[in-house]
$ cat data-v5.csv   # CSV, C-alpha atoms
chain,number,residue,atom,x,y,z
A,1,MET,CA,54.6,61.7,73.5
A,2,GLN,CA,53.4,62.0,77.0
A,3,ARG,CA,56.9,61.8,78.3
A,4,LEU,CA,58.1,64.6,76.1
A,5,GLU,CA,55.3,66.8,77.2
A,6,THR,CA,56.1,66.1,80.9
A,7,LYS,CA,59.8,67.0,80.4
A,8,LYS,CA,58.7,70.2,78.6
A,9,LEU,CA,56.5,71.2,81.5
A,10,LEU,CA,59.1,70.4,84.1
A,11,LEU,CA,61.7,72.7,82.3
A,12,VAL,CA,59.7,75.8,83.1
A,13,PRO,CA,59.6,75.6,86.9
A,14,LEU,CA,63.2,74.3,86.9
A,15,SER,CA,64.5,77.2,84.9
A,16,ALA,CA,62.6,79.6,87.0
A,17,THR,CA,64.0,78.1,90.2
A,18,ILE,CA,67.5,78.4,88.9
A,19,ILE,CA,67.0,82.0,88.0
A,20,MET,CA,65.4,82.7,91.4
A,21,LEU,CA,68.3,81.0,93.1
A,22,LEU,CA,70.9,83.1,91.1
A,23,MET,CA,69.0,86.3,91.9
A,24,TYR,CA,68.8,85.4,95.5
A,25,TYR,CA,72.5,84.7,95.6
A,26,TYR,CA,73.3,88.0,93.9
A,27,TYR,CA,70.9,90.0,96.0
A,28,GLU,CA,72.2,88.5,99.2
A,29,THR,CA,75.9,89.2,98.4
A,30,LYS,CA,77.7,92.3,99.7
A,31,VAL,CA,77.7,95.4,97.6
A,32,LEU,CA,81.4,96.0,98.0
A,33,ASP,CA,82.2,92.4,96.9
A,34,GLN,CA,80.2,92.9,93.7
A,35,VAL,CA,81.4,96.3,92.7
A,36,ILE,CA,83.8,96.5,89.8
A,37,ILE,CA,85.2,100.0,89.8
A,38,LYS,CA,85.0,101.5,86.4
A,39,ILE,CA,87.2,104.5,85.9
A,40,ASN,CA,87.1,106.1,82.4
A,41,THR,CA,90.5,106.9,81.1
A,42,TYR,CA,91.2,109.6,78.5
A,43,GLU,CA,94.3,109.6,76.4
A,44,LYS,CA,95.6,112.9,75.2
A,45,LEU,CA,93.9,113.9,71.9
A,46,SER,CA,95.5,115.8,69.1
A,47,SER,CA,94.2,119.3,68.3
A,48,SER,CA,92.9,118.0,65.0
A,49,SER,CA,90.9,115.2,66.5
A,50,PRO,CA,87.3,115.2,65.1
A,51,PHE,CA,86.1,113.8,68.5
A,52,TYR,CA,87.3,116.9,70.4
A,53,PRO,CA,85.9,120.1,68.8
A,54,SER,CA,88.0,123.1,69.2
A,55,GLU,CA,85.3,125.1,70.9
A,56,PHE,CA,85.6,122.6,73.8
A,57,LYS,CA,89.3,123.1,74.2
A,58,ALA,CA,91.0,125.5,76.7
A,59,LYS,CA,94.6,126.6,77.0
A,60,VAL,CA,96.8,124.2,78.9
A,61,ASN,CA,98.8,125.8,81.7
A,62,THR,CA,102.2,124.3,81.5
A,63,ASN,CA,104.3,127.3,82.3
A,64,PRO,CA,104.8,129.1,85.7
A,65,SER,CA,102.4,131.9,86.0
A,66,PRO,CA,101.3,134.3,88.8
A,67,ASP,CA,97.8,134.3,87.3
A,68,ILE,CA,95.7,132.5,89.9
A,69,LYS,CA,92.9,131.6,87.5
A,70,LEU,CA,95.3,129.6,85.3
A,71,SER,CA,97.8,128.2,87.9
A,72,ASN,CA,95.1,127.0,90.3
A,73,LYS,CA,93.1,124.9,87.8
A,74,VAL,CA,94.7,121.7,89.0
A,75,THR,CA,96.3,120.7,92.2
A,76,LEU,CA,99.5,118.7,92.5
A,77,VAL,CA,98.7,116.2,95.3
A,78,LYS,CA,102.0,115.1,96.9
A,79,SER,CA,100.9,111.6,97.7
A,80,ASN,CA,102.6,108.3,96.9
A,81,PRO,CA,102.4,108.2,93.9
A,82,PRO,CA,101.8,111.9,93.3
A,83,PHE,CA,99.0,113.0,90.9
A,84,PHE,CA,97.2,116.0,89.6
A,85,ALA,CA,93.6,116.6,90.8
A,86,CYS,CA,91.2,118.6,88.8
A,87,ASN,CA,88.3,119.6,91.1
A,88,ALA,CA,86.1,121.9,88.9
A,89,PRO,CA,83.7,124.2,90.8
A,90,LYS,CA,80.4,122.6,91.9
A,91,THR,CA,81.8,119.1,92.2
A,92,GLY,CA,82.5,119.1,95.9
A,93,CYS,CA,85.8,120.9,95.1
A,94,THR,CA,86.0,122.9,98.3
A,95,ALA,CA,86.1,119.9,100.6
A,96,TRP,CA,88.7,118.2,98.5
A,97,LYS,CA,90.9,121.3,98.2
A,98,TYR,CA,91.1,121.6,102.0
A,99,PHE,CA,92.2,118.0,102.2
A,100,TRP,CA,94.8,118.4,99.4
A,101,GLU,CA,96.3,121.3,101.4
A,102,TYR,CA,96.4,119.1,104.5
A,103,VAL,CA,98.2,116.4,102.5
A,104,ASN,CA,100.7,118.8,100.9
A,105,THR,CA,101.5,121.1,103.8
A,106,GLY,CA,99.8,119.9,107.0
A,107,LYS,CA,97.8,123.1,107.1
A,108,ARG,CA,94.3,122.4,108.5
A,109,TRP,CA,91.3,124.6,109.4
A,110,ASN,CA,88.7,123.7,112.0
A,111,SER,CA,85.4,122.3,110.6
A,112,SER,CA,83.5,125.2,112.2
A,113,GLU,CA,85.6,127.7,110.3
A,114,ILE,CA,85.1,125.9,107.0
A,115,GLU,CA,81.4,125.6,107.4
A,116,LYS,CA,81.0,129.3,108.2
A,117,TYR,CA,83.2,130.5,105.4
A,118,PRO,CA,84.0,127.7,102.9
A,119,GLY,CA,86.0,130.1,100.7
A,120,LEU,CA,88.9,130.3,103.2
A,121,ILE,CA,90.9,127.8,101.2
A,122,HIS,CA,90.6,129.9,98.0
A,123,ASP,CA,91.6,133.1,99.8
A,124,TYR,CA,94.5,131.3,101.4
A,125,ILE,CA,95.8,130.0,98.0
A,126,GLY,CA,95.2,133.4,96.5
A,127,ARG,CA,97.4,135.1,99.1
A,128,LYS,CA,100.4,132.9,98.4
A,129,ALA,CA,103.3,134.5,96.7
A,130,PRO,CA,103.4,133.9,92.9
A,131,SER,CA,106.5,131.7,93.4
A,132,ALA,CA,104.3,129.4,95.7
A,133,GLN,CA,101.5,129.1,93.2
A,134,PRO,CA,100.9,125.6,91.7
A,135,SER,CA,102.3,126.1,88.2
A,136,HIS,CA,103.7,122.7,87.4
A,137,ASN,CA,104.4,121.2,84.0
A,138,LEU,CA,101.5,118.8,83.5
A,139,ASP,CA,103.8,116.4,81.5
A,140,GLN,CA,106.1,115.8,84.5
A,141,ILE,CA,103.5,113.6,86.2
A,142,SER,CA,101.5,111.1,84.2
A,143,GLU,CA,98.5,110.8,86.4
A,144,MET,CA,95.6,113.2,86.6
A,145,VAL,CA,92.2,112.5,88.3
A,146,VAL,CA,89.2,114.5,87.2
A,147,PHE,CA,86.2,114.6,89.6
A,148,VAL,CA,82.9,114.9,87.8
A,149,ARG,CA,79.2,115.3,88.6
A,150,ASN,CA,75.9,114.7,86.9
A,151,PRO,CA,75.7,117.6,84.4
A,152,TYR,CA,72.0,118.3,85.0
A,153,VAL,CA,72.5,118.5,88.8
A,154,ARG,CA,75.7,120.6,88.5
A,155,PHE,CA,74.1,123.1,86.1
A,156,LEU,CA,71.2,123.6,88.6
A,157,SER,CA,73.8,124.0,91.4
A,158,SER,CA,75.5,126.6,89.2
A,159,TYR,CA,72.3,128.5,88.9
A,160,GLN,CA,71.7,128.6,92.6
A,161,ASP,CA,75.2,129.7,93.2
A,162,TRP,CA,74.9,132.4,90.6
A,163,LEU,CA,71.7,133.8,92.2
A,164,ASP,CA,73.6,134.2,95.5
A,165,ARG,CA,76.7,135.8,94.0
A,166,ALA,CA,74.7,138.1,91.7
A,167,GLY,CA,72.3,139.1,94.5
A,168,LYS,CA,69.3,137.9,92.5
A,169,ASN,CA,66.4,135.6,93.4
A,170,GLU,CA,64.3,133.0,91.6
A,171,THR,CA,61.4,135.5,91.1
A,172,SER,CA,63.5,138.0,89.3
A,173,VAL,CA,65.5,135.4,87.3
A,174,PRO,CA,63.8,132.0,87.0
A,175,PHE,CA,65.8,129.0,86.1
A,176,SER,CA,64.4,129.1,82.6
A,177,VAL,CA,65.7,132.6,82.0
A,178,PHE,CA,69.1,131.7,83.3
A,179,VAL,CA,69.2,128.7,81.0
A,180,ASP,CA,68.2,130.8,77.9
A,181,GLU,CA,70.8,133.5,78.7
A,182,TYR,CA,73.7,131.0,79.2
A,183,PHE,CA,72.7,129.1,76.1
A,184,LYS,CA,72.8,132.3,74.0
A,185,LEU,CA,76.2,133.2,75.6
A,186,LYS,CA,77.6,129.8,74.7
A,187,GLU,CA,76.4,130.2,71.2
A,188,GLY,CA,78.2,133.5,71.0
A,189,HIS,CA,75.4,136.0,70.9
A,190,GLY,CA,74.4,136.4,74.5
A,191,ASN,CA,74.2,139.4,76.8
A,192,LYS,CA,77.6,139.5,78.6
A,193,ASP,CA,76.2,142.1,81.0
A,194,PHE,CA,73.9,139.4,82.4
A,195,PHE,CA,76.9,137.5,83.7
A,196,ARG,CA,79.1,140.4,84.5
A,197,GLY,CA,81.0,140.1,87.8
A,198,THR,CA,80.1,136.4,88.1
A,199,LEU,CA,82.3,133.3,87.9
A,200,LEU,CA,81.7,131.6,84.5
A,201,ASP,CA,84.0,128.7,85.5
A,202,HIS,CA,81.3,127.8,88.0
A,203,ILE,CA,78.9,127.3,85.1
A,204,GLU,CA,80.9,126.1,82.1
A,205,SER,CA,81.4,122.4,81.6
A,206,ILE,CA,83.9,120.3,83.5
A,207,SER,CA,85.3,119.1,80.2
A,208,LYS,CA,86.2,122.7,79.4
A,209,PHE,CA,87.5,123.6,82.9
A,210,CYS,CA,89.6,120.4,83.2
A,211,GLU,CA,90.6,120.4,79.5
A,212,VAL,CA,89.6,116.8,79.0
A,213,GLY,CA,91.4,115.4,76.0
A,214,THR,CA,94.5,117.6,76.4
A,215,GLN,CA,96.0,115.4,79.1
A,216,ASN,CA,95.8,111.8,80.0
A,217,ALA,CA,93.3,111.6,82.8
A,218,SER,CA,91.2,109.2,84.9
A,219,VAL,CA,87.6,110.2,85.8
A,220,VAL,CA,85.6,109.5,89.0
A,221,ARG,CA,81.9,110.3,89.5
A,222,VAL,CA,81.0,112.0,92.8
A,223,GLU,CA,77.6,110.2,92.7
A,224,GLU,CA,79.4,106.9,93.0
A,225,GLU,CA,81.9,108.0,95.6
A,226,ALA,CA,80.6,105.5,98.1
A,227,LEU,CA,81.9,102.8,95.7
A,228,TRP,CA,85.4,104.1,94.9
A,229,ILE,CA,86.5,106.3,97.9
A,230,ASN,CA,88.3,103.5,99.7
A,231,GLN,CA,90.1,102.1,96.6
A,232,PHE,CA,91.0,105.7,95.6
A,233,LEU,CA,92.6,106.5,99.0
A,234,ALA,CA,94.4,103.1,99.0
A,235,LYS,CA,95.8,103.6,95.5
A,236,TYR,CA,97.5,106.8,96.5
A,237,ASN,CA,98.3,105.8,100.0
A,238,LEU,CA,96.1,108.4,101.5
A,239,THR,CA,94.0,106.3,103.8
A,240,GLU,CA,96.0,107.1,106.9
A,241,LYS,CA,96.1,110.7,106.0
A,242,MET,CA,92.3,110.8,105.6
A,243,ASP,CA,91.8,109.0,108.9
A,244,GLN,CA,94.0,111.6,110.7
A,245,TYR,CA,92.1,114.5,109.0
A,246,MET,CA,88.8,113.1,110.1
A,247,LYS,CA,89.9,112.4,113.7
A,248,HIS,CA,90.4,116.2,113.9
A,249,GLY,CA,86.7,116.6,113.1
A,250,ASN,CA,87.1,117.5,109.5
A,251,LEU,CA,85.1,115.8,106.8
A,252,VAL,CA,85.5,115.3,103.1
A,253,TYR,CA,83.2,112.3,102.5
A,254,SER,CA,82.0,109.4,104.5
A,255,SER,CA,80.3,106.5,102.8
A,256,SER,CA,77.3,104.9,104.6
A,257,LEU,CA,78.1,101.6,102.9
A,258,ARG,CA,79.5,99.0,105.3
A,259,GLU,CA,81.3,95.7,104.6
A,260,GLY,CA,78.1,93.9,105.2
A,261,SER,CA,75.8,96.1,103.0
A,262,LEU,CA,73.8,93.8,100.7
A,263,VAL,CA,73.0,94.4,97.0
A,264,LYS,CA,69.3,93.8,97.5
A,265,ASP,CA,69.1,96.9,99.8
A,266,PHE,CA,70.6,99.2,97.2
A,267,THR,CA,68.9,98.3,93.9
A,268,SER,CA,67.7,101.9,93.4
A,269,GLN,CA,71.2,103.2,93.8
A,270,ILE,CA,72.7,100.5,91.5
A,271,PHE,CA,70.3,101.5,88.7
A,272,GLY,CA,70.9,105.2,89.3
A,273,PHE,CA,67.5,106.2,90.6
A,274,ALA,CA,68.7,107.2,94.0
A,275,ALA,CA,71.9,108.7,95.5
A,276,TRP,CA,74.2,106.4,97.5
A,277,PRO,CA,73.8,107.0,101.2
A,278,SER,CA,76.7,109.2,102.6
A,279,GLU,CA,77.8,112.0,104.7
A,280,MET,CA,79.7,114.9,103.3
A,281,MET,CA,80.9,118.4,104.2
A,282,LYS,CA,78.0,120.8,104.1
A,283,SER,CA,79.2,124.3,104.1
A,284,SER,CA,77.2,127.5,104.2
A,285,HIS,CA,76.8,127.3,100.4
A,286,TYR,CA,75.4,123.8,100.3
A,287,ARG,CA,72.0,123.9,98.5
A,288,ASP,CA,71.0,120.2,97.9
A,289,SER,CA,70.6,120.6,94.2
A,290,ALA,CA,70.4,116.9,93.7
A,291,GLY,CA,67.3,116.8,95.9
A,292,LYS,CA,65.6,119.6,94.0
A,293,ILE,CA,66.3,118.7,90.4
A,294,THR,CA,62.7,117.7,89.5
A,295,LYS,CA,61.3,120.9,90.9
A,296,TYR,CA,63.2,123.1,88.5
A,297,TYR,CA,63.4,121.1,85.3
A,298,THR,CA,60.8,120.7,82.6
A,299,PRO,CA,61.2,118.8,79.3
A,300,ASP,CA,61.9,122.0,77.5
A,301,ILE,CA,64.5,123.2,80.0
A,302,ALA,CA,66.1,119.7,80.0
A,303,ARG,CA,66.4,119.8,76.2
A,304,LYS,CA,68.2,123.1,76.3
A,305,VAL,CA,70.5,122.1,79.2
A,306,THR,CA,71.3,118.9,77.4
A,307,LYS,CA,72.8,121.0,74.5
A,308,ILE,CA,74.7,123.1,77.0
A,309,VAL,CA,76.3,120.3,78.9
A,310,PHE,CA,76.5,117.8,76.0
A,311,ASP,CA,80.3,117.5,76.2
A,312,ASP,CA,80.1,116.4,79.8
A,313,LEU,CA,77.3,113.9,79.1
A,314,VAL,CA,79.4,112.3,76.3
A,315,ASN,CA,82.8,112.4,78.0
A,316,PHE,CA,81.7,111.1,81.3
A,317,GLY,CA,78.9,108.7,80.3
A,318,TYR,CA,76.0,110.2,82.1
A,319,PRO,CA,72.5,109.3,80.9
A,320,LEU,CA,70.5,111.8,78.8
A,321,TRP,CA,67.4,113.0,80.5
A,322,ASN,CA,64.1,114.2,79.0
A,323,GLY,CA,63.0,116.3,82.0
A,324,ILE,CA,60.4,113.9,83.3
A,325,ALA,CA,61.0,113.2,87.0
A,326,GLU,CA,60.6,109.4,87.0
A,327,ASN,CA,63.1,109.1,84.1
A,328,PHE,CA,66.0,110.9,85.9
A,329,ARG,CA,69.0,108.9,86.8
A,330,PHE,CA,72.0,110.1,88.8
A,331,SER,CA,74.5,107.9,86.9
$ encode --input "data-v5.csv" --output "structure tokens"
Amino acid sequence: MQRLETKKLLLVPLSATIIMLLMYYYYETKVLDQVIIKINTYEKLSSSSPFYPSEFKAKVNTNPSPDIKLSNKVTLVKSNPPFFACNAPKTGCTAWKYFWEYVNTGKRWNSSEIEKYPGLIHDYIGRKAPSAQPSHNLDQISEMVVFVRNPYVRFLSSYQDWLDRAGKNETSVPFSVFVDEYFKLKEGHGNKDFFRGTLLDHIESISKFCEVGTQNASVVRVEEEALWINQFLAKYNLTEKMDQYMKHGNLVYSSSLREGSLVKDFTSQIFGFAAWPSEMMKSSHYRDSAGKITKYYTPDIARKVTKIVFDDLVNFGYPLWNGIAENFRFS
């Protein structure tokens, strides 16, 4: 009897020791050795699919068109292999579009020009002759990559962008008012004059803009870019091109993770409570929405925004949020 009790008592510290050793081994390993890149893949859904409500669908641009708003929704990146990139507004799209132009044509702007006037790339594309507009048949190339962002952060960024474009300020139009007006507009009974002259595609969901479900697509989260950027560039043989671009002083994204970065030093990022350390292009319209999210959101506002961006939350697997600061997770 005494022997059994002794064995039972010894099991506790032994088990604890094994667990501690496993945790120590895991925490002492390198982040990039442990990462398993998870890319969500979406197969084309039929128009009758119950999982893709018709109100979330947008027209697919498969025919040549001089209409810049339609033909410029996706970019054909002439890499090896080639692929379509859908960079919706407010997802770091400007930096990537400058890089896509460099990949496709060799055209490059100095970083000082871009930082001063980030919209140069959009004006440049807009001035191209209709015959030069990207108006490709989406079925000709099987690969499409959709860049996505935390919906709560992106919606706040859209609000800050809207204030600037509409010539408003937070006193005249608080975030709560903006949320209410857009929610009513989305429900079909809002005041269209409130958004007159502004770019609604900077506010509407990425799912709608990129027509998720109408084409086969892979999805990458910008919050996790530090984890997938190297593999992404390698997959499309763009590593050398990116190195050349950055040697000129241009920047799209630079991860602060190094080969020797340890898991134990990034537990907050792994669990989504903090952003991964990085350096990215910060143009004149950079507003650090991710760093201000708890300043603007309340539980009531978060509940309304959840309804507005629900398709992105579901499609891209972002966590729901109740508006309480300590419960927010980036991914």
$ closest_atom_pairs --input "data-v5.csv" --of "region 74-177 of chain A" --to "region 290-308 of chain A" --cutoff "7 Å" --atoms "all atoms listed in the file" --output "tab-separated table"
residue	atom	partner	partner_atom	distance
A:Val153	CA	A:Ala290	CA	5.6
A:Phe175	CA	A:Tyr296	CA	6.9
A:Ser176	CA	A:Ile301	CA	6.4
$ atom_distance --input "data-v5.csv" --atom1 "CA of Ser254 (chain A)" --atom2 "CA of Glu279 (chain A)"
4.9 Å
$ closest_residue --input "data-v5.csv" --among "A:Phe178, A:Ala325, A:Phe316, A:Asn150" --to "Gly190 (chain A)" --atoms "all atoms listed in the file"
A:Phe178
$ closest_residue --input "data-v5.csv" --among "A:Asn250, A:Phe147, A:Phe310, A:Ser289" --to "Gln160 (chain A)" --atoms "only C-alpha atoms"
A:Ser289
$ atom_distance --input "data-v5.csv" --atom1 "CA of Met280 (chain A)" --atom2 "CA of Leu156 (chain A)"
19.1 Å
$ residues_around --input "data-v5.csv" --residues "Leu185 (chain A)" --least-positions-apart "5" --cutoff "12 Å" --atoms "all atoms listed in the file" --output "ChimeraX atom specification"
/A:178-180,190-196,200,203-204,308
$ atom_distance --input "data-v5.csv" --atom1 "CA of His122 (chain A)" --atom2 "CA of Tyr152 (chain A)"
25.5 Å
$ residues_around --input "data-v5.csv" --residues "Glu225 (chain A)" --least-positions-apart "5" --cutoff "12 Å" --atoms "only C-alpha atoms" --output "number ranges by chain"
A: 37-39, 91-92, 147-149, 219-220, 230-233, 252-257, 269, 275-280, 331
$ residues_around --input "data-v5.csv" --residues "Thr94 (chain A)" --least-positions-apart "6" --cutoff "10 Å" --atoms "all atoms listed in the file" --output "PDB file with C-alpha atoms, in the coordinates of the input"
ATOM      1  CA  ASN A  87      88.300 119.600  91.100  1.00  0.00           C
ATOM      2  CA  ALA A  88      86.100 121.900  88.900  1.00  0.00           C
ATOM      3  CA  TRP A 100      94.800 118.400  99.400  1.00  0.00           C
ATOM      4  CA  ILE A 114      85.100 125.900 107.000  1.00  0.00           C
ATOM      5  CA  PRO A 118      84.000 127.700 102.900  1.00  0.00           C
ATOM      6  CA  GLY A 119      86.000 130.100 100.700  1.00  0.00           C
ATOM      7  CA  LEU A 120      88.900 130.300 103.200  1.00  0.00           C
ATOM      8  CA  ILE A 121      90.900 127.800 101.200  1.00  0.00           C
ATOM      9  CA  HIS A 122      90.600 129.900  98.000  1.00  0.00           C
ATOM     10  CA  VAL A 252      85.500 115.300 103.100  1.00  0.00           C
ATOM     11  CA  MET A 281      80.900 118.400 104.200  1.00  0.00           C
ATOM     12  CA  SER A 283      79.200 124.300 104.100  1.00  0.00           C
TER      13      SER A 283
END
